[in-house]
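For reference, final08.pdb is printed below; it contains PDB, C-alpha atoms.
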```
ATOM      1  CA  MET M   1     141.457  39.875  81.469
ATOM      2  CA  GLU M   2     139.850  38.300  84.542
ATOM      3  CA  ASN M   3     138.692  35.197  82.720
ATOM      4  CA  ASN M   4     136.496  33.955  85.587
ATOM      5  CA  TYR M   5     134.070  36.719  84.602
ATOM      6  CA  VAL M   6     134.367  36.808  80.813
ATOM      7  CA  LYS M   7     132.113  34.559  78.722
ATOM      8  CA  GLN M   8     131.445  34.415  75.010
ATOM      9  CA  PHE M   9     128.036  35.220  73.544
ATOM     10  CA  PRO M  10     128.193  34.162  69.887
ATOM     11  CA  ASP M  11     124.540  35.026  69.204
ATOM     12  CA  LEU M  12     124.709  38.596  70.515
ATOM     13  CA  LEU M  13     125.563  41.205  67.850
ATOM     14  CA  LYS M  14     125.949  38.327  65.405
ATOM     15  CA  GLY M  15     126.903  39.705  61.999
ATOM     16  CA  LYS M  16     126.731  43.270  63.328
ATOM     17  CA  LYS M  17     129.179  46.122  63.705
ATOM     18  CA  MET M  18     130.017  47.735  67.008
ATOM     19  CA  MET M  19     132.163  50.853  67.114
ATOM     20  CA  TYR M  20     134.204  51.485  70.243
ATOM     21  CA  VAL M  21     135.321  55.023  71.070
ATOM     22  CA  HIS M  22     138.209  55.053  73.515
ATOM     23  CA  GLY M  23     139.013  57.457  76.315
ATOM     24  CA  PHE M  24     141.617  60.172  76.737
ATOM     25  CA  GLY M  25     145.181  58.925  76.254
ATOM     26  CA  SER M  26     144.073  55.477  75.160
ATOM     27  CA  SER M  27     143.789  53.788  71.755
ATOM     28  CA  GLY M  28     141.886  51.286  69.683
ATOM     29  CA  GLN M  29     144.155  48.563  71.074
ATOM     30  CA  SER M  30     142.867  48.856  74.632
ATOM     31  CA  GLY M  31     141.799  46.033  76.915
ATOM     32  CA  THR M  32     138.169  46.989  76.370
ATOM     33  CA  VAL M  33     138.505  46.311  72.650
ATOM     34  CA  ARG M  34     140.022  42.893  73.320
ATOM     35  CA  ARG M  35     137.182  42.205  75.738
ATOM     36  CA  LEU M  36     134.543  43.143  73.167
ATOM     37  CA  ARG M  37     136.088  40.889  70.541
ATOM     38  CA  THR M  38     136.241  38.014  73.028
ATOM     39  CA  VAL M  39     132.666  38.365  74.307
ATOM     40  CA  PHE M  40     131.141  38.939  70.838
ATOM     41  CA  PRO M  41     133.146  36.668  68.516
ATOM     42  CA  ASN M  42     130.675  37.003  65.634
ATOM     43  CA  ALA M  43     130.586  40.804  65.651
ATOM     44  CA  THR M  44     132.901  43.227  63.895
ATOM     45  CA  VAL M  45     134.442  45.663  66.377
ATOM     46  CA  ILE M  46     135.599  48.941  64.832
ATOM     47  CA  ALA M  47     138.043  50.716  67.144
ATOM     48  CA  PRO M  48     139.960  53.647  65.648
ATOM     49  CA  ASP M  49     142.883  55.426  67.261
ATOM     50  CA  LEU M  50     141.485  58.921  67.786
ATOM     51  CA  PRO M  51     143.506  61.986  66.748
ATOM     52  CA  LEU M  52     144.721  64.116  69.642
ATOM     53  CA  HIS M  53     142.887  67.222  68.439
ATOM     54  CA  PRO M  54     139.154  66.901  69.206
ATOM     55  CA  GLU M  55     137.892  68.529  65.989
ATOM     56  CA  GLU M  56     139.833  65.936  64.000
ATOM     57  CA  ALA M  57     138.595  63.152  66.270
ATOM     58  CA  ILE M  58     134.904  64.006  65.985
ATOM     59  CA  ALA M  59     135.262  64.459  62.216
ATOM     60  CA  LEU M  60     136.840  60.999  61.957
ATOM     61  CA  LEU M  61     134.018  59.458  63.983
ATOM     62  CA  HIS M  62     131.347  61.072  61.825
ATOM     63  CA  ARG M  63     133.070  59.713  58.689
ATOM     64  CA  LEU M  64     133.282  56.229  60.175
ATOM     65  CA  CYS M  65     129.606  56.337  61.134
ATOM     66  CA  GLN M  66     128.692  57.329  57.599
ATOM     67  CA  ASP M  67     130.935  54.711  55.971
ATOM     68  CA  GLU M  68     130.470  51.797  58.373
ATOM     69  CA  GLN M  69     126.914  52.387  59.677
ATOM     70  CA  PRO M  70     127.600  50.683  63.013
ATOM     71  CA  ASP M  71     124.698  48.922  64.675
ATOM     72  CA  MET M  72     125.852  50.098  68.084
ATOM     73  CA  ILE M  73     128.418  52.534  69.495
ATOM     74  CA  LEU M  74     130.086  52.192  72.888
ATOM     75  CA  GLY M  75     132.186  55.057  74.227
ATOM     76  CA  THR M  76     134.026  55.393  77.521
ATOM     77  CA  SER M  77     135.097  58.591  79.304
ATOM     78  CA  MET M  78     136.219  61.051  76.606
ATOM     79  CA  GLY M  79     134.881  58.539  74.096
ATOM     80  CA  GLY M  80     131.528  58.732  75.873
ATOM     81  CA  MET M  81     131.509  62.484  75.311
ATOM     82  CA  TYR M  82     132.109  61.946  71.584
ATOM     83  CA  THR M  83     129.609  59.066  71.429
ATOM     84  CA  GLU M  84     126.804  61.213  72.836
ATOM     85  CA  GLN M  85     127.214  63.530  69.835
ATOM     86  CA  LEU M  86     126.917  60.801  67.182
ATOM     87  CA  ARG M  87     123.224  61.283  66.480
ATOM     88  CA  GLY M  88     121.057  58.632  64.861
ATOM     89  CA  PHE M  89     122.731  55.503  66.285
ATOM     90  CA  ASP M  90     122.122  53.220  69.263
ATOM     91  CA  ARG M  91     124.739  54.300  71.784
ATOM     92  CA  ILE M  92     126.080  53.545  75.249
ATOM     93  CA  CYS M  93     128.057  56.262  77.018
ATOM     94  CA  THR M  94     130.041  54.787  79.915
ATOM     95  CA  ASN M  95     131.293  57.318  82.468
ATOM     96  CA  PRO M  96     131.122  60.017  79.773
ATOM     97  CA  ALA M  97     133.482  62.954  80.358
ATOM     98  CA  LEU M  98     130.906  65.504  79.210
ATOM     99  CA  CYS M  99     132.933  68.345  80.790
ATOM    100  CA  ILE M 100     136.308  66.998  79.734
ATOM    101  CA  ALA M 101     138.158  70.327  79.846
ATOM    102  CA  ASP M 102     137.275  70.671  83.522
ATOM    103  CA  THR M 103     138.305  67.047  84.132
ATOM    104  CA  MET M 104     141.664  67.669  82.462
ATOM    105  CA  HIS M 105     142.244  70.774  84.562
ATOM    106  CA  ASP M 106     141.118  69.239  87.876
ATOM    107  CA  HIS M 107     143.085  66.002  87.536
ATOM    108  CA  GLY M 108     146.407  67.212  86.163
ATOM    109  CA  MET M 109     145.917  65.895  82.657
ATOM    110  CA  THR M 110     148.078  68.626  81.130
ATOM    111  CA  GLY M 111     151.717  68.805  80.107
ATOM    112  CA  THR M 112     153.526  65.781  78.704
ATOM    113  CA  GLN M 113     151.337  62.669  78.757
ATOM    114  CA  GLN M 114     151.939  59.060  77.797
ATOM    115  CA  TYR M 115     149.475  56.962  75.844
ATOM    116  CA  GLN M 116     148.169  54.111  77.986
ATOM    117  CA  ASN M 117     147.973  51.676  75.067
ATOM    118  CA  PRO M 118     149.942  51.186  71.839
ATOM    119  CA  ARG M 119     148.803  53.174  68.814
ATOM    120  CA  LEU M 120     149.059  52.179  65.189
ATOM    121  CA  ASP M 121     151.151  55.271  64.391
ATOM    122  CA  GLY M 122     153.711  54.304  67.034
ATOM    123  CA  VAL M 123     153.384  57.599  68.933
ATOM    124  CA  GLN M 124     153.900  57.083  72.656
ATOM    125  CA  THR M 125     153.656  60.564  74.184
ATOM    126  CA  PHE M 126     151.706  63.772  73.592
ATOM    127  CA  TYR M 127     151.561  67.265  75.060
ATOM    128  CA  VAL M 128     148.504  69.035  76.422
ATOM    129  CA  ASP M 129     148.648  72.830  76.676
ATOM    130  CA  LYS M 130     146.016  75.469  77.380
ATOM    131  CA  ALA M 131     145.167  75.808  73.701
ATOM    132  CA  LEU M 132     144.398  72.086  73.425
ATOM    133  CA  VAL M 133     142.274  72.163  76.577
ATOM    134  CA  LYS M 134     140.306  75.012  74.991
ATOM    135  CA  GLU M 135     139.749  72.872  71.888
ATOM    136  CA  TYR M 136     138.304  70.097  74.054
ATOM    137  CA  ARG M 137     136.058  72.566  75.837
ATOM    138  CA  THR M 138     134.717  73.840  72.514
ATOM    139  CA  VAL M 139     133.889  70.365  71.215
ATOM    140  CA  SER M 140     132.448  69.096  74.502
ATOM    141  CA  GLU M 141     130.095  72.085  74.755
ATOM    142  CA  ARG M 142     128.310  70.830  71.625
ATOM    143  CA  ARG M 143     126.806  68.077  73.764
ATOM    144  CA  PHE M 144     123.034  67.724  73.503
ATOM    145  CA  GLU M 145     122.863  69.860  70.334
ATOM    146  CA  ASN M 146     120.127  68.927  67.824
ATOM    147  CA  LEU M 147     118.770  66.306  70.198
ATOM    148  CA  ASP M 148     115.254  65.063  69.449
ATOM    149  CA  ASP M 149     112.900  62.725  71.299
ATOM    150  CA  ALA M 150     113.643  59.766  69.057
ATOM    151  CA  ASP M 151     117.365  60.028  69.698
ATOM    152  CA  ARG M 152     116.864  60.373  73.459
ATOM    153  CA  GLN M 153     115.516  56.813  73.504
ATOM    154  CA  ARG M 154     118.537  55.429  71.659
ATOM    155  CA  VAL M 155     121.170  56.440  74.214
ATOM    156  CA  PHE M 156     122.068  54.839  77.546
ATOM    157  CA  GLY M 157     124.370  56.448  80.074
ATOM    158  CA  LEU M 158     126.206  54.205  82.555
ATOM    159  CA  PHE M 159     127.868  55.801  85.573
ATOM    160  CA  GLY M 160     130.168  54.016  88.023
ATOM    161  CA  ASP M 161     129.251  54.604  91.658
ATOM    162  CA  GLU M 162     132.974  54.538  92.579
ATOM    163  CA  ASP M 163     134.127  56.850  89.783
ATOM    164  CA  THR M 164     136.398  59.495  91.349
ATOM    165  CA  LEU M 165     137.397  61.075  88.027
ATOM    166  CA  VAL M 166     134.106  61.949  86.309
ATOM    167  CA  ASP M 167     130.569  62.446  87.572
ATOM    168  CA  THR M 168     128.189  63.738  84.907
ATOM    169  CA  PHE M 169     125.153  61.661  85.866
ATOM    170  CA  ASP M 170     122.929  64.643  86.696
ATOM    171  CA  LEU M 171     123.954  66.569  83.569
ATOM    172  CA  PHE M 172     123.295  63.550  81.354
ATOM    173  CA  HIS M 173     120.002  62.734  83.068
ATOM    174  CA  GLN M 174     118.683  66.232  82.364
ATOM    175  CA  HIS M 175     118.642  65.294  78.676
ATOM    176  CA  TYR M 176     118.353  61.493  78.565
ATOM    177  CA  PRO M 177     115.942  59.277  80.550
ATOM    178  CA  GLN M 178     118.142  56.180  80.398
ATOM    179  CA  ALA M 179     120.798  57.084  82.974
ATOM    180  CA  ILE M 180     121.914  54.163  85.155
ATOM    181  CA  ARG M 181     124.436  53.852  87.971
ATOM    182  CA  PHE M 182     126.510  50.676  88.070
ATOM    183  CA  HIS M 183     128.932  49.201  90.586
ATOM    184  CA  GLY M 184     132.372  50.133  89.351
ATOM    185  CA  GLU M 185     135.106  52.691  88.960
ATOM    186  CA  HIS M 186     135.944  55.013  86.082
ATOM    187  CA  ARG M 187     138.006  52.421  84.250
ATOM    188  CA  MET M 188     135.890  49.488  83.137
ATOM    189  CA  ASP M 189     137.083  46.024  84.133
ATOM    190  CA  ASP M 190     135.805  42.548  83.272
ATOM    191  CA  ARG M 191     133.405  42.452  86.210
ATOM    192  CA  SER M 192     131.757  45.820  85.580
ATOM    193  CA  PHE M 193     131.526  45.104  81.861
ATOM    194  CA  MET M 194     129.911  41.683  82.221
ATOM    195  CA  HIS M 195     127.553  42.666  85.058
ATOM    196  CA  SER M 196     126.626  46.174  83.907
ATOM    197  CA  VAL M 197     127.409  46.929  80.262
ATOM    198  CA  LEU M 198     126.565  43.533  78.786
ATOM    199  CA  PRO M 199     122.903  43.610  79.952
ATOM    200  CA  VAL M 200     122.411  46.965  78.209
ATOM    201  CA  ILE M 201     124.007  45.651  75.019
ATOM    202  CA  ARG M 202     121.600  42.697  75.218
ATOM    203  CA  TRP M 203     118.590  45.035  75.636
ATOM    204  CA  ILE M 204     119.606  47.007  72.557
ATOM    205  CA  ASP M 205     120.339  43.915  70.481
ATOM    206  CA  ASP M 206     116.980  42.369  71.472
ATOM    207  CA  ARG M 207     115.161  45.539  70.428
ATOM    208  CA  GLN M 208     117.001  45.708  67.121
ATOM    209  CA  GLU M 209     116.201  42.077  66.380
ATOM    210  CA  LYS M 210     112.647  42.320  67.739
ATOM    211  CA  ARG M 211     113.666  39.346  69.837
ATOM    212  CA  GLU M 212     111.070  38.119  72.348
ATOM    213  CA  ARG M 213     112.562  36.235  75.274
ATOM    214  CA  PRO M 214     110.526  34.136  77.743
ATOM    215  CA  VAL M 215     109.549  36.246  80.757
ATOM    216  CA  VAL M 216     110.606  35.364  84.305
ATOM    217  CA  TYR M 217     109.170  37.275  87.264
ATOM    218  CA  ILE M 218     111.036  37.121  90.578
ATOM    219  CA  GLY M 219     109.241  38.001  93.817
ATOM    220  CA  MET M 220     111.269  40.227  96.128
ATOM    221  CA  GLU M 221     110.563  37.890  99.055
ATOM    222  CA  THR M 222     112.747  35.232  97.393
ATOM    223  CA  LEU M 223     115.730  37.574  97.123
ATOM    224  CA  VAL M 224     115.911  39.094 100.621
ATOM    225  CA  ASP M 225     116.803  37.160 103.757
ATOM    226  CA  ALA M 226     115.898  38.023 107.365
ATOM    227  CA  ARG M 227     118.914  40.354 107.608
ATOM    228  CA  GLN M 228     117.856  42.209 104.447
ATOM    229  CA  LEU M 229     120.791  40.668 102.573
ATOM    230  CA  PRO M 230     120.601  38.662  99.339
ATOM    231  CA  THR M 231     119.551  35.048  99.772
ATOM    232  CA  ALA M 232     122.265  32.535  98.927
ATOM    233  CA  SER M 233     123.022  32.255  95.192
ATOM    234  CA  CYS M 234     120.218  34.612  94.126
ATOM    235  CA  GLN M 235     122.654  37.046  92.500
ATOM    236  CA  LYS M 236     124.285  34.184  90.614
ATOM    237  CA  ALA M 237     120.833  33.047  89.483
ATOM    238  CA  VAL M 238     119.902  36.510  88.211
ATOM    239  CA  ARG M 239     123.141  36.774  86.219
ATOM    240  CA  GLN M 240     122.422  33.436  84.566
ATOM    241  CA  LEU M 241     118.721  34.039  83.969
ATOM    242  CA  ILE M 242     119.225  37.344  82.146
ATOM    243  CA  GLU M 243     121.357  35.559  79.570
ATOM    244  CA  SER M 244     118.283  33.796  78.172
ATOM    245  CA  TYR M 245     115.206  35.399  79.724
ATOM    246  CA  GLN M 246     113.534  38.761  80.167
ATOM    247  CA  VAL M 247     113.653  39.099  83.941
ATOM    248  CA  PHE M 248     111.426  41.337  86.073
ATOM    249  CA  PHE M 249     111.448  41.889  89.824
ATOM    250  CA  VAL M 250     108.079  42.022  91.586
ATOM    251  CA  ALA M 251     107.362  43.908  94.822
ATOM    252  CA  PRO M 252     104.127  44.776  96.648
ATOM    253  CA  ALA M 253     102.464  48.089  95.799
ATOM    254  CA  ASP M 254     101.679  50.351  98.773
ATOM    255  CA  SER M 255     100.225  53.707  97.787
ATOM    256  CA  THR M 256     100.279  54.873 101.413
ATOM    257  CA  ASN M 257     103.992  54.255 101.957
ATOM    258  CA  VAL M 258     106.298  55.972  99.509
ATOM    259  CA  SER M 259     109.348  54.844 101.476
ATOM    260  CA  ALA M 260     108.495  51.237 100.626
ATOM    261  CA  TYR M 261     109.064  51.948  96.947
ATOM    262  CA  THR M 262     112.271  53.805  97.742
ATOM    263  CA  SER M 263     113.691  51.068  99.952
ATOM    264  CA  THR M 264     112.861  48.351  97.404
ATOM    265  CA  SER M 265     114.462  50.326  94.584
ATOM    266  CA  ALA M 266     117.526  51.059  96.726
ATOM    267  CA  TRP M 267     117.919  47.377  97.633
ATOM    268  CA  LEU M 268     117.682  46.319  93.998
ATOM    269  CA  GLU M 269     120.167  49.002  92.950
ATOM    270  CA  GLN M 270     122.591  47.848  95.640
ATOM    271  CA  TYR M 271     122.404  44.084  95.144
ATOM    272  CA  ILE M 272     120.984  43.434  91.653
ATOM    273  CA  ASN M 273     122.004  46.697  90.030
ATOM    274  CA  VAL M 274     121.707  47.226  86.248
ATOM    275  CA  PRO M 275     119.479  44.191  85.443
ATOM    276  CA  ALA M 276     116.772  45.656  87.711
ATOM    277  CA  TRP M 277     116.762  49.086  86.037
ATOM    278  CA  GLY M 278     113.418  49.503  84.274
ATOM    279  CA  HIS M 279     112.560  45.905  85.168
ATOM    280  CA  THR M 280     110.779  46.335  88.501
ATOM    281  CA  VAL M 281     107.024  45.805  88.857
ATOM    282  CA  PHE M 282     105.033  47.017  91.876
ATOM    283  CA  THR M 283     101.733  45.178  92.140
ATOM    284  CA  ASN M 284      99.406  43.460  94.605
ATOM    285  CA  GLN M 285      97.797  41.400  91.836
ATOM    286  CA  ARG M 286     100.446  38.910  90.752
ATOM    287  CA  ARG M 287      97.768  36.730  89.190
ATOM    288  CA  LEU M 288      97.512  39.387  86.465
ATOM    289  CA  LEU M 289     101.187  39.171  85.527
ATOM    290  CA  TYR M 290     101.491  37.902  81.986
ATOM    291  CA  GLY M 291     104.642  35.862  81.519
ATOM    292  CA  ASP M 292     106.161  32.425  81.479
ATOM    293  CA  TYR M 293     107.516  31.855  84.992
ATOM    294  CA  LEU M 294     106.938  33.368  88.431
ATOM    295  CA  ILE M 295     109.436  32.612  91.191
ATOM    296  CA  GLU M 296     107.651  33.364  94.481
ATOM    297  CA  GLY M 297     107.781  32.603  98.165
ATOM    298  CA  ALA M 298     104.314  31.040  98.315
ATOM    299  CA  GLU M 299     102.000  29.930  95.544
ATOM    300  CA  THR M 300      99.442  32.657  94.816
ATOM    301  CA  GLY M 301      97.311  30.444  92.588
ATOM    302  CA  ASP M 302      95.420  31.307  89.427
ATOM    303  CA  THR M 303      98.458  32.890  87.832
ATOM    304  CA  MET M 304      99.129  33.211  84.103
ATOM    305  CA  ALA M 305     102.761  32.161  84.677
ATOM    306  CA  THR M 306     104.169  28.827  85.828
ATOM    307  CA  SER M 307     104.725  29.169  89.576
ATOM    308  CA  LEU M 308     108.051  28.085  91.063
ATOM    309  CA  VAL M 309     107.772  28.217  94.861
ATOM    310  CA  PHE M 310     111.095  29.156  96.408
ATOM    311  CA  GLY M 311     111.739  27.136  99.591
ATOM    312  CA  SER M 312     109.456  24.274  98.554
ATOM    313  CA  ASP M 313     110.636  20.661  98.354
ATOM    314  CA  THR M 314     111.310  21.089  94.640
ATOM    315  CA  PHE M 315     113.025  24.473  94.853
ATOM    316  CA  LYS M 316     114.577  24.622  98.299
ATOM    317  CA  THR M 317     117.438  26.880  97.172
ATOM    318  CA  TRP M 318     118.386  29.147  94.315
ATOM    319  CA  ASP M 319     120.790  26.450  93.137
ATOM    320  CA  ASP M 320     117.748  24.216  92.566
ATOM    321  CA  ILE M 321     116.174  26.973  90.484
ATOM    322  CA  ILE M 322     119.413  27.440  88.526
ATOM    323  CA  ASP M 323     119.437  23.693  87.755
ATOM    324  CA  TYR M 324     115.795  23.829  86.641
ATOM    325  CA  PHE M 325     116.365  26.639  84.161
ATOM    326  CA  SER M 326     119.621  25.100  82.966
ATOM    327  CA  ARG M 327     117.674  22.018  81.917
ATOM    328  CA  LEU M 328     115.151  24.192  80.095
ATOM    329  CA  GLY M 329     117.880  25.653  77.920
ATOM    330  CA  GLY M 330     116.273  29.071  77.569
ATOM    331  CA  GLN M 331     112.756  27.809  76.853
TER     332      GLN M 331
END
```
Please express what this file holds, its structure, as structure tokens.
Amino acid sequence: MENNYVKQFPDLLKGKKMMYVHGFGSSGQSGTVRRLRTVFPNATVIAPDLPLHPEEAIALLHRLCQDEQPDMILGTSMGGMYTEQLRGFDRICTNPALCIADTMHDHGMTGTQQYQNPRLDGVQTFYVDKALVKEYRTVSERRFENLDDADRQRVFGLFGDEDTLVDTFDLFHQHYPQAIRFHGEHRMDDRSFMHSVLPVIRWIDDRQEKRERPVVYIGMETLVDARQLPTASCQKAVRQLIESYQVFFVAPADSTNVSAYTSTSAWLEQYINVPAWGHTVFTNQRRLLYGDYLIEGAETGDTMATSLVFGSDTFKTWDDIIDYFSRLGGQ
């Protein structure tokens, strides 16, 4: 693992169970499982080796859900397809192969294949023929069955913007509102996990625990320099702030200029990415924002949040702001 990215979060998922559902040709001994156990040392990570035949695999997952009652389920690729079908649980589907039979056909995933990770049964190779592809098609076409409004709110879909193997964003988004693109490829690495998947896990864990974090608002003018690029260290600051705070991004509201909303959203998606999803506020009345801190380019006055003026003598740079919040220790 790329240890310069990976950190431990002992308080996240503490005492809880997370079930990981691996992708096609992988196993419960994958690098993702090791990553989960490193990042969440006080959680129990359940990671079965899935049977090759999809009917057996989905049956096994339903039994495990019934027996273990996981607090959260994370599935990648083929595992994301299975995870979507596990109704009644908080779930994250990462690059879900919702049309896996087509993916297998289009990318040469037939014939003799080798497992990418060791399996507990010692099997190293498997064979995919037309009959097996048909089995996968049958199981995958059960997606979205018996879906109700309550369950729609319990599922996140994460889709890598450099994924050249699977692209089911539009299909997923037709049924679930919480569809998010992240910076990454089909295979999850340390960077994409820590920057994109971890924030979603934190959102779910906070909701489960009814955890209220102090609120930090960040004015867009503090993030964007004259070249429309991120100001120095602002991305580092956001990554650190979301570990302890509920962070929102604030931009002016302009009802006469729809493109202003689009350009702001596009900038945030490009440079802040997942932490900005569902956390952007458009308003011309910052004094009405109810929260704990407001990082802004100039003091607006009469605000309900403590104003931190970016560029002032006290907070000349984002590194100064990072130091300030580090001393607060999450308060």
(request) Could you tell me which residues the PyMOL selection byres ((chain M and resi 241) around 10) returns for this structure, as a list in words? (result) Val215, Val216, Gln235, Lys236, Ala237, Val238, Arg239, Gln240, Ile242, Glu243, Ser244, Tyr245, Gln246, Val247, Ile321, Ile322, Phe325, Ser326 and Gly330 of chain M
I need the chosen residues saved as a compact mmCIF listing (two decimals), keeping the file's coordinate frame, with C-alpha atoms.
```txt
# COMPACT_ATOMS: atom_id res chain seq x y z
CA VAL M 215 109.55 36.25 80.76
CA VAL M 216 110.61 35.36 84.30
CA GLN M 235 122.65 37.05 92.50
CA LYS M 236 124.28 34.18 90.61
CA ALA M 237 120.83 33.05 89.48
CA VAL M 238 119.90 36.51 88.21
CA ARG M 239 123.14 36.77 86.22
CA GLN M 240 122.42 33.44 84.57
CA ILE M 242 119.22 37.34 82.15
CA GLU M 243 121.36 35.56 79.57
CA SER M 244 118.28 33.80 78.17
CA TYR M 245 115.21 35.40 79.72
CA GLN M 246 113.53 38.76 80.17
CA VAL M 247 113.65 39.10 83.94
CA ILE M 321 116.17 26.97 90.48
CA ILE M 322 119.41 27.44 88.53
CA PHE M 325 116.36 26.64 84.16
CA SER M 326 119.62 25.10 82.97
CA GLY M 330 116.27 29.07 77.57
```
(message) Can you spell out as a PyMOL selection string the set of residues that the PyMOL selection byres ((chain M and resi 5) around 12) selects in the structure I just provided?
(response) chain M and resi 1-4+6-8+35+38-39+189-195+198+236+239
So that I have them on file, write out the residues from the current selection with C-alpha atoms, as an mmCIF file, in the coordinates of the input.
```cif
data_model
loop_
_atom_site.group_PDB
_atom_site.id
_atom_site.type_symbol
_atom_site.label_atom_id
_atom_site.label_comp_id
_atom_site.auth_asym_id
_atom_site.auth_seq_id
_atom_site.Cartn_x
_atom_site.Cartn_y
_atom_site.Cartn_z
ATOM 1 C CA MET M 1 141.457 39.875 81.469
ATOM 2 C CA GLU M 2 139.850 38.300 84.542
ATOM 3 C CA ASN M 3 138.692 35.197 82.720
ATOM 4 C CA ASN M 4 136.496 33.955 85.587
ATOM 5 C CA VAL M 6 134.367 36.808 80.813
ATOM 6 C CA LYS M 7 132.113 34.559 78.722
ATOM 7 C CA GLN M 8 131.445 34.415 75.010
ATOM 8 C CA ARG M 35 137.182 42.205 75.738
ATOM 9 C CA THR M 38 136.241 38.014 73.028
ATOM 10 C CA VAL M 39 132.666 38.365 74.307
ATOM 11 C CA ASP M 189 137.083 46.024 84.133
ATOM 12 C CA ASP M 190 135.805 42.548 83.272
ATOM 13 C CA ARG M 191 133.405 42.452 86.210
ATOM 14 C CA SER M 192 131.757 45.820 85.580
ATOM 15 C CA PHE M 193 131.526 45.104 81.861
ATOM 16 C CA MET M 194 129.911 41.683 82.221
ATOM 17 C CA HIS M 195 127.553 42.666 85.058
ATOM 18 C CA LEU M 198 126.565 43.533 78.786
ATOM 19 C CA LYS M 236 124.285 34.184 90.614
ATOM 20 C CA ARG M 239 123.141 36.774 86.219
#
```
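Each of M:Leu328, M:Leu294, M:Ile46, M:Val274 was checked against Phe156 in chain M using all atoms listed in the file; the smallest atom-to-atom distance is that of M:Val274.
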(request) On this file, the PyMOL selection byres ((chain M and resi 11) around 10) gives some set of residues; write that set as JSON, numbers by chain. (result) {"M": [8, 9, 10, 12, 13, 14, 15, 40, 41, 42, 43, 205]}
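Going from CA of Tyr115 in chain M to CA of Val128 in chain M covers 12.1 Å.
Considering the residues M:Tyr261, M:Tyr176, M:Phe169, M:Tyr136 and counting all atoms listed in the file, Gln153 in chain M has its shortest atom-to-atom contact with M:Tyr176.
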